[in-house]
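See structure below.
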Amino acid sequence: MDKFVIQGGHRLSGRVRVEGAKNAALPLMATSLLTNEEVTLTNVASLADIASMRKLLGMLGVEAHLGDDRVSMQTKDPNAIEAPYEQVRTMRASICVLGPMVARRKRAVLSMPGGCAFGDRPVDLHLRGLEKLGAKIELKNGYITASADRLKGATVFLGGPYGSTVTGTANIMSAATLAQGRTVIESAACEPEIVDLADMLISMGAKIRGAGGPRIIIDGVDELGGTTHRVMPDRIVAGTYAIASAITNGEIIIDDFPFDSLLAVVDRLSLIGVNIHKITPDADDRCCTVRVTSERQLKPAVITTQPHPGFPTDLQAQFMALLCYAQGNSVITEKIYPERFMHVPELARMGAQLLRHGPTVVISGGSRLVGAEVMASDLRASASLVLAGLAADGETTVNRVYHLDRGYQRMEETLRQLGAKIERVSDRPASDPSVLRGAGMAAGAAQSMQDES
Ligand code: EPU
């Protein structure tokens, strides 16, 4: 398994462009199941999860062609309805195909996604939502079977114990585009990826209002057509590079920075002494170019992860690494996934002073981290360890970086361009072109028990 070897203590500087968002692209790819016409996505990052979704869609009769940063998809076999365990186990976000499948093909058989490294990940809200739309749901031998002659519009409540569900909202919204009549999703997820999905569905002919807010209204249509859509930039990647600048006392210019989607993160960064300064006006009201610099002495902070527009759980681990360098005690409370703390013992191996009590971690900042050999256990925990390694004294080895390949496009190359001393040590031959592209990444992803996407 590949690992990163990092020589810490180098200040990062330079310019980086944020790639297309993984968590937007996955449900966007699933829209190809809603039409027989060709659907093209641009600004698609080269990631293991994208390769996994492409493979899954292939099993479901969708032919996909990859270009440089684009993927064109078209349904060739609408009778393929089964998504097997071997594929679904490599990526939880496989659940995104369920709604489109039952809406268009009347029947879907999907292996039930399991829990993941950071806890139980139920899909009850997805299933209850589809039932509300008239689908018959059966669970047998670890598989979900959903069937309906035609879905019927209804009011669907998607609030759960930890807020709404992002992929659940994507599933129900996508399915409802082809339902008969009006669907109202109450307590919908407000994440920007839902807005991106709604924009794409609308360009395919769907009638959707309210995406981005807690009530989404969808008036079903008889069919959808093809489209070309640019995937929104990845707000979590953008936040990670902003933290990379801050933790190394660097100065990084970030293009395609989805500022409006990151207001809570920008707010917390400013509060602790990291400046995010817009240096170009917003190109399309959503993104801009920013310069990230920081004051030498960072202040501590109190952070609680929340559904959007609150502080995102997907940046919690990275922020914790940064707060190790703040002068004073910080507190992080995880309100989306109370068990999402696998980075805590690994950061502690690097000298971080962390005290966990349930869903809360107290970070006693102010002492320098030291390099160590650490184990990546999920995507964002891995990013946190890489950030810590960039700042730490000495050498850090981050094992199992296939997790990172799921969600960051060639992270080590980007960091190296910014001045980091970081190497990927591969156990595959360097000449193997699949090491960094689809197949190899998917193989890497398949090494995990159950992914975290
Ligand atoms: N939940 C339920 N029932 C459900 C669905 C969710 O109780 O049927 C709970 C979950 O257990 C969790 C909360 O609701 O406590 C929110 O989960 P959600 O369904 O919103 O998560 P998701 O849609 O499975 C997406 C991202 C995750 C990100 C979360 C939260 C994708 C492909 N994945 O997951 O991304 O952490 O939203 O923002 O969009 C990552 O990129 O590293 C990642 C894990």
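Just remember, in the structure tokens the first chain shown is A, the second B, etc., residues are 1-based per chain, and ligands are 1-based in the order shown.
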
Surroundings of ligand 1 up to 6 Å, based on only C-alpha atoms and all ligand atoms, as number ranges by chain
A: 23, 93, 121-126, 160-168, 313-314, 336-337, 379-380, 452-453

Practice prompt. Could you give me, as a ChimeraX atom specification, the residues within 6 Å of region 95-109 of chain A, counting only C-alpha atoms and dropping anything in the same chain fewer than 4 positions from it?
Written response: /A:27,30,33-34,81-82,144-149,171,174-175

Resulting file, chosen residues, all heavy atoms, as a compact mmCIF listing (two decimals), in the first residue's frame:
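Produced file result.txt, reproduced below:
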```txt
# COMPACT_ATOMS: atom_id res chain seq x y z
N PRO A 27 -23.27 12.06 -7.01
CA PRO A 27 -24.70 12.06 -7.38
C PRO A 27 -24.95 12.63 -8.78
O PRO A 27 -25.90 12.22 -9.46
CB PRO A 27 -25.37 12.93 -6.32
CG PRO A 27 -24.28 13.61 -5.57
CD PRO A 27 -23.02 12.83 -5.78
N ALA A 30 -24.76 9.86 -11.16
CA ALA A 30 -25.93 8.97 -11.08
C ALA A 30 -27.10 9.49 -11.89
O ALA A 30 -28.02 8.73 -12.23
CB ALA A 30 -26.32 8.76 -9.62
N LEU A 33 -28.51 7.80 -15.06
CA LEU A 33 -29.50 6.71 -15.02
C LEU A 33 -30.91 7.23 -15.29
O LEU A 33 -31.84 6.44 -15.45
CB LEU A 33 -29.47 6.04 -13.64
CG LEU A 33 -28.18 5.30 -13.30
CD1 LEU A 33 -28.05 5.10 -11.79
CD2 LEU A 33 -28.14 3.95 -14.02
N LEU A 34 -31.07 8.56 -15.28
CA LEU A 34 -32.42 9.13 -15.40
C LEU A 34 -32.82 9.40 -16.84
O LEU A 34 -33.93 9.84 -17.11
CB LEU A 34 -32.48 10.45 -14.61
CG LEU A 34 -32.48 10.34 -13.09
CD1 LEU A 34 -32.20 11.70 -12.44
CD2 LEU A 34 -33.80 9.78 -12.58
N ILE A 81 -30.17 -3.90 -13.46
CA ILE A 81 -30.74 -3.28 -12.26
C ILE A 81 -30.04 -3.66 -10.97
O ILE A 81 -30.43 -3.24 -9.90
CB ILE A 81 -32.25 -3.62 -12.12
CG1 ILE A 81 -32.45 -5.12 -12.16
CG2 ILE A 81 -33.09 -2.90 -13.16
CD1 ILE A 81 -33.73 -5.55 -11.49
N GLU A 82 -28.98 -4.45 -11.05
CA GLU A 82 -28.39 -4.94 -9.79
C GLU A 82 -27.00 -4.38 -9.53
O GLU A 82 -26.10 -4.46 -10.37
CB GLU A 82 -28.33 -6.47 -9.80
CG GLU A 82 -27.84 -6.98 -8.46
CD GLU A 82 -28.16 -8.45 -8.21
OE1 GLU A 82 -29.09 -8.97 -8.86
OE2 GLU A 82 -27.46 -9.04 -7.38
N ILE A 144 -31.04 -4.33 -0.82
CA ILE A 144 -32.26 -3.52 -0.84
C ILE A 144 -32.88 -3.73 -2.22
O ILE A 144 -32.20 -3.54 -3.24
CB ILE A 144 -31.94 -2.01 -0.74
CG1 ILE A 144 -31.08 -1.69 0.47
CG2 ILE A 144 -33.21 -1.18 -0.79
CD1 ILE A 144 -30.41 -0.31 0.39
N THR A 145 -34.16 -4.08 -2.25
CA THR A 145 -34.87 -4.09 -3.53
C THR A 145 -35.92 -3.00 -3.47
O THR A 145 -36.74 -2.96 -2.53
CB THR A 145 -35.55 -5.45 -3.79
OG1 THR A 145 -34.54 -6.45 -3.77
CG2 THR A 145 -36.26 -5.48 -5.13
N ALA A 146 -35.89 -2.10 -4.42
CA ALA A 146 -36.88 -1.01 -4.47
C ALA A 146 -37.60 -1.12 -5.80
O ALA A 146 -36.97 -1.26 -6.85
CB ALA A 146 -36.19 0.35 -4.36
N SER A 147 -38.93 -1.06 -5.75
CA SER A 147 -39.66 -1.16 -7.01
C SER A 147 -40.90 -0.27 -6.98
O SER A 147 -41.49 -0.03 -5.92
CB SER A 147 -40.05 -2.62 -7.29
OG SER A 147 -40.61 -3.19 -6.13
N ALA A 148 -41.26 0.22 -8.15
CA ALA A 148 -42.46 1.05 -8.30
C ALA A 148 -42.76 1.17 -9.78
O ALA A 148 -41.84 1.39 -10.57
CB ALA A 148 -42.23 2.44 -7.72
N ASP A 149 -44.02 1.01 -10.16
CA ASP A 149 -44.36 1.21 -11.58
C ASP A 149 -44.06 2.64 -11.98
O ASP A 149 -43.40 2.90 -12.95
CB ASP A 149 -45.84 0.89 -11.82
CG ASP A 149 -45.98 -0.59 -12.15
OD1 ASP A 149 -44.92 -1.20 -12.45
OD2 ASP A 149 -47.10 -1.12 -12.08
N ASN A 171 -30.86 11.67 -3.47
CA ASN A 171 -31.61 10.51 -3.97
C ASN A 171 -33.08 10.83 -4.19
O ASN A 171 -33.64 10.53 -5.25
CB ASN A 171 -31.51 9.38 -2.92
CG ASN A 171 -30.82 8.15 -3.49
OD1 ASN A 171 -30.85 7.90 -4.68
ND2 ASN A 171 -30.20 7.40 -2.61
N SER A 174 -33.62 13.49 -6.96
CA SER A 174 -33.42 12.92 -8.30
C SER A 174 -34.60 12.03 -8.68
O SER A 174 -35.11 12.11 -9.80
CB SER A 174 -32.13 12.09 -8.34
OG SER A 174 -31.02 12.90 -8.06
N ALA A 175 -35.03 11.19 -7.75
CA ALA A 175 -36.14 10.28 -8.04
C ALA A 175 -37.41 11.06 -8.34
O ALA A 175 -38.17 10.73 -9.26
CB ALA A 175 -36.36 9.33 -6.86
```

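Ranking A:Ala83, A:Leu385, A:Val266, A:Leu355 by their shortest atom-to-atom distance to Leu369 (chain A), with only C-alpha atoms included, puts A:Leu385 first.
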
inquiry  = Report as a list of chain:residue names all protein, DNA and RNA residues lying within 12 Å of Thr42 (chain A), evaluated on only C-alpha atoms, omitting residues in the same chain fewer than 4 positions from it.
reply    =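 These residues fall inside the cut-off: A:Glu19, A:Gly20, A:Ala21, A:Ala24, A:Ala25, A:Leu28, A:Met29, A:Ser46, A:His65, A:Leu66, A:Gly67, A:Asp68, A:Asp69, A:Arg70, A:Val71, A:Ser72, A:Met73, A:Met200, A:Thr227, A:Thr228, A:His229, A:Arg230, A:Val231, A:Met232, A:Pro233.
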
Just N, CA, C and O atoms for this one: save the residues we selected as a short mmCIF file (atom, residue, chain, number, x, y, z; two decimals), in the first residue's frame.
```cif
data_model
loop_
_atom_site.label_atom_id
_atom_site.label_comp_id
_atom_site.auth_asym_id
_atom_site.auth_seq_id
_atom_site.Cartn_x
_atom_site.Cartn_y
_atom_site.Cartn_z
N GLU A 19 -9.91 21.53 -7.46
CA GLU A 19 -10.51 20.60 -8.42
C GLU A 19 -12.03 20.48 -8.20
O GLU A 19 -12.56 20.95 -7.19
N GLY A 20 -12.68 19.79 -9.13
CA GLY A 20 -14.12 19.56 -9.01
C GLY A 20 -14.45 18.71 -7.79
O GLY A 20 -13.66 17.83 -7.40
N ALA A 21 -15.62 18.94 -7.22
CA ALA A 21 -15.98 18.30 -5.94
C ALA A 21 -16.38 16.84 -6.11
O ALA A 21 -17.30 16.53 -6.87
N ALA A 24 -20.01 16.33 -5.03
CA ALA A 24 -20.99 16.80 -6.02
C ALA A 24 -21.01 15.80 -7.18
O ALA A 24 -22.07 15.39 -7.66
N ALA A 25 -19.81 15.39 -7.63
CA ALA A 25 -19.72 14.58 -8.85
C ALA A 25 -20.43 13.23 -8.72
O ALA A 25 -21.03 12.75 -9.69
N LEU A 28 -24.08 13.53 -9.25
CA LEU A 28 -24.25 14.05 -10.61
C LEU A 28 -24.07 12.92 -11.62
O LEU A 28 -24.80 12.83 -12.62
N MET A 29 -23.10 12.04 -11.37
CA MET A 29 -22.89 10.91 -12.29
C MET A 29 -24.11 10.00 -12.32
O MET A 29 -24.48 9.46 -13.36
N SER A 46 -9.73 13.50 -10.96
CA SER A 46 -9.29 12.12 -11.14
C SER A 46 -9.13 11.49 -9.76
O SER A 46 -8.13 11.70 -9.07
N HIS A 65 -17.31 7.47 -20.90
CA HIS A 65 -16.02 7.77 -21.53
C HIS A 65 -15.34 8.88 -20.75
O HIS A 65 -15.94 9.92 -20.50
N LEU A 66 -14.09 8.64 -20.41
CA LEU A 66 -13.34 9.63 -19.64
C LEU A 66 -12.47 10.47 -20.55
O LEU A 66 -11.75 9.94 -21.40
N GLY A 67 -12.54 11.78 -20.40
CA GLY A 67 -11.59 12.66 -21.08
C GLY A 67 -10.66 13.20 -20.02
O GLY A 67 -10.59 12.67 -18.92
N ASP A 68 -9.96 14.31 -20.32
CA ASP A 68 -9.01 14.87 -19.37
C ASP A 68 -9.63 15.17 -18.02
O ASP A 68 -9.23 14.66 -17.00
N ASP A 69 -10.63 16.04 -18.03
CA ASP A 69 -11.31 16.30 -16.76
C ASP A 69 -12.80 16.17 -16.97
O ASP A 69 -13.59 16.83 -16.33
N ARG A 70 -13.19 15.31 -17.91
CA ARG A 70 -14.62 15.16 -18.18
C ARG A 70 -15.01 13.70 -18.27
O ARG A 70 -14.19 12.83 -18.52
N VAL A 71 -16.28 13.46 -18.05
CA VAL A 71 -16.80 12.11 -18.24
C VAL A 71 -18.15 12.22 -18.94
O VAL A 71 -18.99 13.04 -18.57
N SER A 72 -18.29 11.47 -20.04
CA SER A 72 -19.56 11.44 -20.77
C SER A 72 -20.20 10.08 -20.55
O SER A 72 -19.53 9.06 -20.69
N MET A 73 -21.49 10.09 -20.22
CA MET A 73 -22.15 8.85 -19.84
C MET A 73 -23.47 8.70 -20.61
O MET A 73 -24.18 9.68 -20.81
N MET A 200 -28.06 20.88 -12.32
CA MET A 200 -27.87 19.94 -13.43
C MET A 200 -29.22 19.31 -13.85
O MET A 200 -29.53 19.21 -15.03
N THR A 227 -27.41 16.59 -21.04
CA THR A 227 -26.89 17.93 -20.72
C THR A 227 -25.37 17.87 -20.57
O THR A 227 -24.78 16.78 -20.51
N THR A 228 -24.76 19.05 -20.50
CA THR A 228 -23.35 19.15 -20.12
C THR A 228 -23.30 20.07 -18.91
O THR A 228 -23.91 21.14 -18.92
N HIS A 229 -22.59 19.64 -17.88
CA HIS A 229 -22.62 20.38 -16.62
C HIS A 229 -21.21 20.42 -16.03
O HIS A 229 -20.50 19.42 -16.02
N ARG A 230 -20.83 21.59 -15.50
CA ARG A 230 -19.51 21.73 -14.85
C ARG A 230 -19.67 21.47 -13.34
O ARG A 230 -20.47 22.14 -12.67
N VAL A 231 -18.92 20.53 -12.84
CA VAL A 231 -18.99 20.19 -11.41
C VAL A 231 -18.45 21.36 -10.58
O VAL A 231 -17.41 21.93 -10.92
N MET A 232 -19.12 21.68 -9.51
CA MET A 232 -18.66 22.78 -8.64
C MET A 232 -17.29 22.45 -8.04
O MET A 232 -16.96 21.27 -7.83
N PRO A 233 -16.49 23.46 -7.71
CA PRO A 233 -15.21 23.18 -7.05
C PRO A 233 -15.41 22.57 -5.67
O PRO A 233 -16.44 22.78 -5.03
#
```

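In this comparison, which uses only C-alpha atoms, the residue of A:Ala51, A:Ala391, A:Val184, A:Ala135 approaching Gly250 (chain A) most closely is A:Ala391.
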
Using DSSP on the backbone, list every residue of region 131-270 of chain A that comes out as helix (DSSP H, G or I), and give them as a PyMOL selection string.
-> chain A and resi 131-132+166-176+192-203+235-247+259-270

Could you dump the residues just selected with N, CA and C atoms as a tab-separated table (two decimals), in the first residue's frame?
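Generated file (out.tsv):
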```tsv
chain	number	residue	atom	x	y	z
A	131	GLU	N	-40.11	5.18	0.01
A	131	GLU	CA	-41.42	4.56	0.33
A	131	GLU	C	-42.53	5.59	0.25
A	132	LYS	N	-42.24	6.80	0.75
A	132	LYS	CA	-43.23	7.89	0.69
A	132	LYS	C	-43.62	8.18	-0.75
A	166	VAL	N	-27.48	14.31	3.26
A	166	VAL	CA	-27.06	14.94	2.00
A	166	VAL	C	-27.36	14.00	0.82
A	167	THR	N	-26.81	12.79	0.86
A	167	THR	CA	-27.05	11.90	-0.27
A	167	THR	C	-28.52	11.44	-0.29
A	168	GLY	N	-29.17	11.43	0.89
A	168	GLY	CA	-30.60	11.10	0.92
A	168	GLY	C	-31.40	12.16	0.18
A	169	THR	N	-31.07	13.43	0.40
A	169	THR	CA	-31.76	14.50	-0.32
A	169	THR	C	-31.50	14.38	-1.82
A	170	ALA	N	-30.24	14.06	-2.17
A	170	ALA	CA	-29.90	13.89	-3.59
A	170	ALA	C	-30.74	12.77	-4.20
A	171	ASN	N	-30.86	11.67	-3.47
A	171	ASN	CA	-31.61	10.51	-3.97
A	171	ASN	C	-33.08	10.83	-4.19
A	172	ILE	N	-33.69	11.45	-3.17
A	172	ILE	CA	-35.14	11.71	-3.27
A	172	ILE	C	-35.41	12.79	-4.31
A	173	MET	N	-34.56	13.83	-4.34
A	173	MET	CA	-34.76	14.89	-5.33
A	173	MET	C	-34.63	14.33	-6.75
A	174	SER	N	-33.62	13.49	-6.96
A	174	SER	CA	-33.42	12.92	-8.30
A	174	SER	C	-34.60	12.03	-8.68
A	175	ALA	N	-35.03	11.19	-7.75
A	175	ALA	CA	-36.14	10.28	-8.04
A	175	ALA	C	-37.41	11.06	-8.34
A	176	ALA	N	-37.63	12.13	-7.58
A	176	ALA	CA	-38.89	12.88	-7.71
A	176	ALA	C	-39.00	13.61	-9.04
A	192	PRO	N	-24.18	22.83	-0.61
A	192	PRO	CA	-24.00	23.36	-1.98
A	192	PRO	C	-24.03	22.26	-3.04
A	193	GLU	N	-23.65	21.03	-2.66
A	193	GLU	CA	-23.67	19.93	-3.64
A	193	GLU	C	-25.11	19.63	-4.08
A	194	ILE	N	-26.08	19.90	-3.20
A	194	ILE	CA	-27.49	19.70	-3.56
A	194	ILE	C	-27.91	20.76	-4.58
A	195	VAL	N	-27.40	21.97	-4.40
A	195	VAL	CA	-27.72	23.03	-5.36
A	195	VAL	C	-27.12	22.69	-6.72
A	196	ASP	N	-25.89	22.17	-6.70
A	196	ASP	CA	-25.24	21.79	-7.96
A	196	ASP	C	-26.04	20.70	-8.67
A	197	LEU	N	-26.52	19.73	-7.89
A	197	LEU	CA	-27.31	18.65	-8.48
A	197	LEU	C	-28.62	19.20	-9.05
A	198	ALA	N	-29.28	20.08	-8.29
A	198	ALA	CA	-30.54	20.65	-8.79
A	198	ALA	C	-30.29	21.42	-10.09
A	199	ASP	N	-29.20	22.18	-10.14
A	199	ASP	CA	-28.88	22.93	-11.36
A	199	ASP	C	-28.75	21.99	-12.56
A	200	MET	N	-28.06	20.88	-12.32
A	200	MET	CA	-27.87	19.94	-13.43
A	200	MET	C	-29.22	19.31	-13.85
A	201	LEU	N	-30.00	18.88	-12.85
A	201	LEU	CA	-31.29	18.25	-13.17
A	201	LEU	C	-32.19	19.24	-13.92
A	202	ILE	N	-32.16	20.51	-13.51
A	202	ILE	CA	-32.98	21.52	-14.19
A	202	ILE	C	-32.53	21.64	-15.65
A	203	SER	N	-31.21	21.58	-15.87
A	203	SER	CA	-30.73	21.69	-17.25
A	203	SER	C	-31.10	20.45	-18.06
A	235	ARG	N	-15.29	22.20	-1.99
A	235	ARG	CA	-15.09	23.12	-0.85
A	235	ARG	C	-14.19	22.50	0.22
A	236	ILE	N	-14.19	21.18	0.31
A	236	ILE	CA	-13.36	20.55	1.35
A	236	ILE	C	-11.89	20.56	0.92
A	237	VAL	N	-11.64	20.34	-0.36
A	237	VAL	CA	-10.27	20.46	-0.87
A	237	VAL	C	-9.79	21.90	-0.69
A	238	ALA	N	-10.65	22.87	-1.01
A	238	ALA	CA	-10.28	24.29	-0.86
A	238	ALA	C	-9.92	24.59	0.59
A	239	GLY	N	-10.75	24.11	1.50
A	239	GLY	CA	-10.49	24.34	2.93
A	239	GLY	C	-9.20	23.66	3.38
A	240	THR	N	-8.94	22.48	2.83
A	240	THR	CA	-7.73	21.75	3.22
A	240	THR	C	-6.47	22.51	2.79
A	241	TYR	N	-6.49	23.07	1.56
A	241	TYR	CA	-5.30	23.83	1.12
A	241	TYR	C	-5.17	25.15	1.88
A	242	ALA	N	-6.30	25.73	2.27
A	242	ALA	CA	-6.21	26.95	3.09
A	242	ALA	C	-5.55	26.60	4.43
A	243	ILE	N	-5.90	25.47	4.99
A	243	ILE	CA	-5.30	25.06	6.27
A	243	ILE	C	-3.82	24.71	6.06
A	244	ALA	N	-3.49	24.13	4.90
A	244	ALA	CA	-2.08	23.81	4.62
A	244	ALA	C	-1.25	25.09	4.63
A	245	SER	N	-1.81	26.17	4.09
A	245	SER	CA	-1.10	27.45	4.09
A	245	SER	C	-0.92	27.93	5.53
A	246	ALA	N	-2.02	27.87	6.30
A	246	ALA	CA	-1.98	28.38	7.67
A	246	ALA	C	-1.03	27.58	8.55
A	247	ILE	N	-1.05	26.27	8.42
A	247	ILE	CA	-0.29	25.42	9.36
A	247	ILE	C	1.21	25.50	9.08
A	259	PHE	N	-15.95	30.39	-2.06
A	259	PHE	CA	-16.01	31.23	-0.85
A	259	PHE	C	-17.37	31.14	-0.16
A	260	ASP	N	-18.44	31.30	-0.95
A	260	ASP	CA	-19.78	31.33	-0.35
A	260	ASP	C	-20.16	30.01	0.31
A	261	SER	N	-19.53	28.92	-0.13
A	261	SER	CA	-19.84	27.62	0.45
A	261	SER	C	-19.02	27.36	1.70
A	262	LEU	N	-18.08	28.26	1.99
A	262	LEU	CA	-17.14	28.01	3.08
A	262	LEU	C	-17.18	29.10	4.13
A	263	LEU	N	-18.32	29.78	4.25
A	263	LEU	CA	-18.35	30.96	5.13
A	263	LEU	C	-18.02	30.60	6.58
A	264	ALA	N	-18.53	29.46	7.05
A	264	ALA	CA	-18.27	29.09	8.45
A	264	ALA	C	-16.79	28.80	8.66
A	265	VAL	N	-16.15	28.22	7.65
A	265	VAL	CA	-14.73	27.88	7.77
A	265	VAL	C	-13.89	29.16	7.69
A	266	VAL	N	-14.26	30.03	6.75
A	266	VAL	CA	-13.54	31.31	6.62
A	266	VAL	C	-13.67	32.09	7.93
A	267	ASP	N	-14.84	32.04	8.53
A	267	ASP	CA	-15.07	32.76	9.79
A	267	ASP	C	-14.15	32.23	10.90
A	268	ARG	N	-14.09	30.90	11.03
A	268	ARG	CA	-13.25	30.31	12.10
A	268	ARG	C	-11.77	30.58	11.82
A	269	LEU	N	-11.39	30.51	10.54
A	269	LEU	CA	-9.98	30.78	10.21
A	269	LEU	C	-9.64	32.22	10.57
A	270	SER	N	-10.52	33.17	10.20
A	270	SER	CA	-10.22	34.58	10.51
A	270	SER	C	-10.11	34.77	12.01
```

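CA of Thr35 (chain A) lies 14.0 Å from CA of Ala80 (chain A).
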
Near Thr304 (chain A), counting only C-alpha atoms, which residues have an atom at most 9 Å away, once you skip same-chain residues fewer than 4 positions from it, shown as a PyMOL selection string? chain A and resi 310-313+316+331-335+360

Requested in this report: Using backbone DSSP assignments, extract all strand (DSSP E) residues from region 143-365 of chain A; output them as an MDAnalysis selection string.
Outcome: chainID A and resid 143:147 155:157 182:186 207:209 215:219 227:230 251:257 274:278 288:294 302:304 329:333 353:357 360:364

Notebook entry, point to check: To one decimal place, how far is CA of Arg406 (chain A) from CA of Phe4 (chain A) in Å?
Noted result: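 Here the two named atoms are 14.9 Å from each other.
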
message = Report as a PyMOL selection string all protein, DNA and RNA residues lying within 12 Å of Glu251 (chain A), evaluated on only C-alpha atoms, omitting residues in the same chain fewer than 3 positions from it.
response = chain A and resi 10-16+241-248+254+274-277+290-295+418-419

Spatial neighbours of Ser32 (chain A), 7 Å, only C-alpha atoms, chain gap at least 4 places, as an MDAnalysis selection string: chainID A and resid 39 73:75

Any chance you can output those residues with N, CA, C and O atoms as a tab-separated table (two decimals), in the first residue's frame?
```tsv
chain	number	residue	atom	x	y	z
A	39	VAL	N	-25.08	12.40	-21.06
A	39	VAL	CA	-24.88	13.37	-19.98
A	39	VAL	C	-23.36	13.55	-19.82
A	39	VAL	O	-22.64	12.57	-19.69
A	73	MET	N	-21.49	10.09	-20.22
A	73	MET	CA	-22.15	8.85	-19.84
A	73	MET	C	-23.47	8.70	-20.61
A	73	MET	O	-24.18	9.68	-20.81
A	74	GLN	N	-23.76	7.47	-21.00
A	74	GLN	CA	-25.03	7.22	-21.69
A	74	GLN	C	-25.53	5.82	-21.36
A	74	GLN	O	-24.76	4.85	-21.40
A	75	THR	N	-26.82	5.74	-21.08
A	75	THR	CA	-27.43	4.44	-20.78
A	75	THR	C	-27.47	3.60	-22.05
A	75	THR	O	-27.98	4.03	-23.08
```

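Note that the spacing between CA of Ser330 (chain A) and CA of Ala372 (chain A) amounts to 23.1 Å.
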
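Between Leu178 (chain A) and the residues A:Glu191, A:Glu138, A:Asp222, A:Asp393, the shortest atom-to-atom distance, using only C-alpha atoms, involves A:Asp222.
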
Could you check which of A:Asp256, A:Glu423, A:Asp2, A:Asp49 is closest to Met375 (chain A), using only C-alpha atoms?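 Going through A:Asp256, A:Glu423, A:Asp2, A:Asp49 one by one, the smallest distance to Met375 (chain A) is for A:Asp2.
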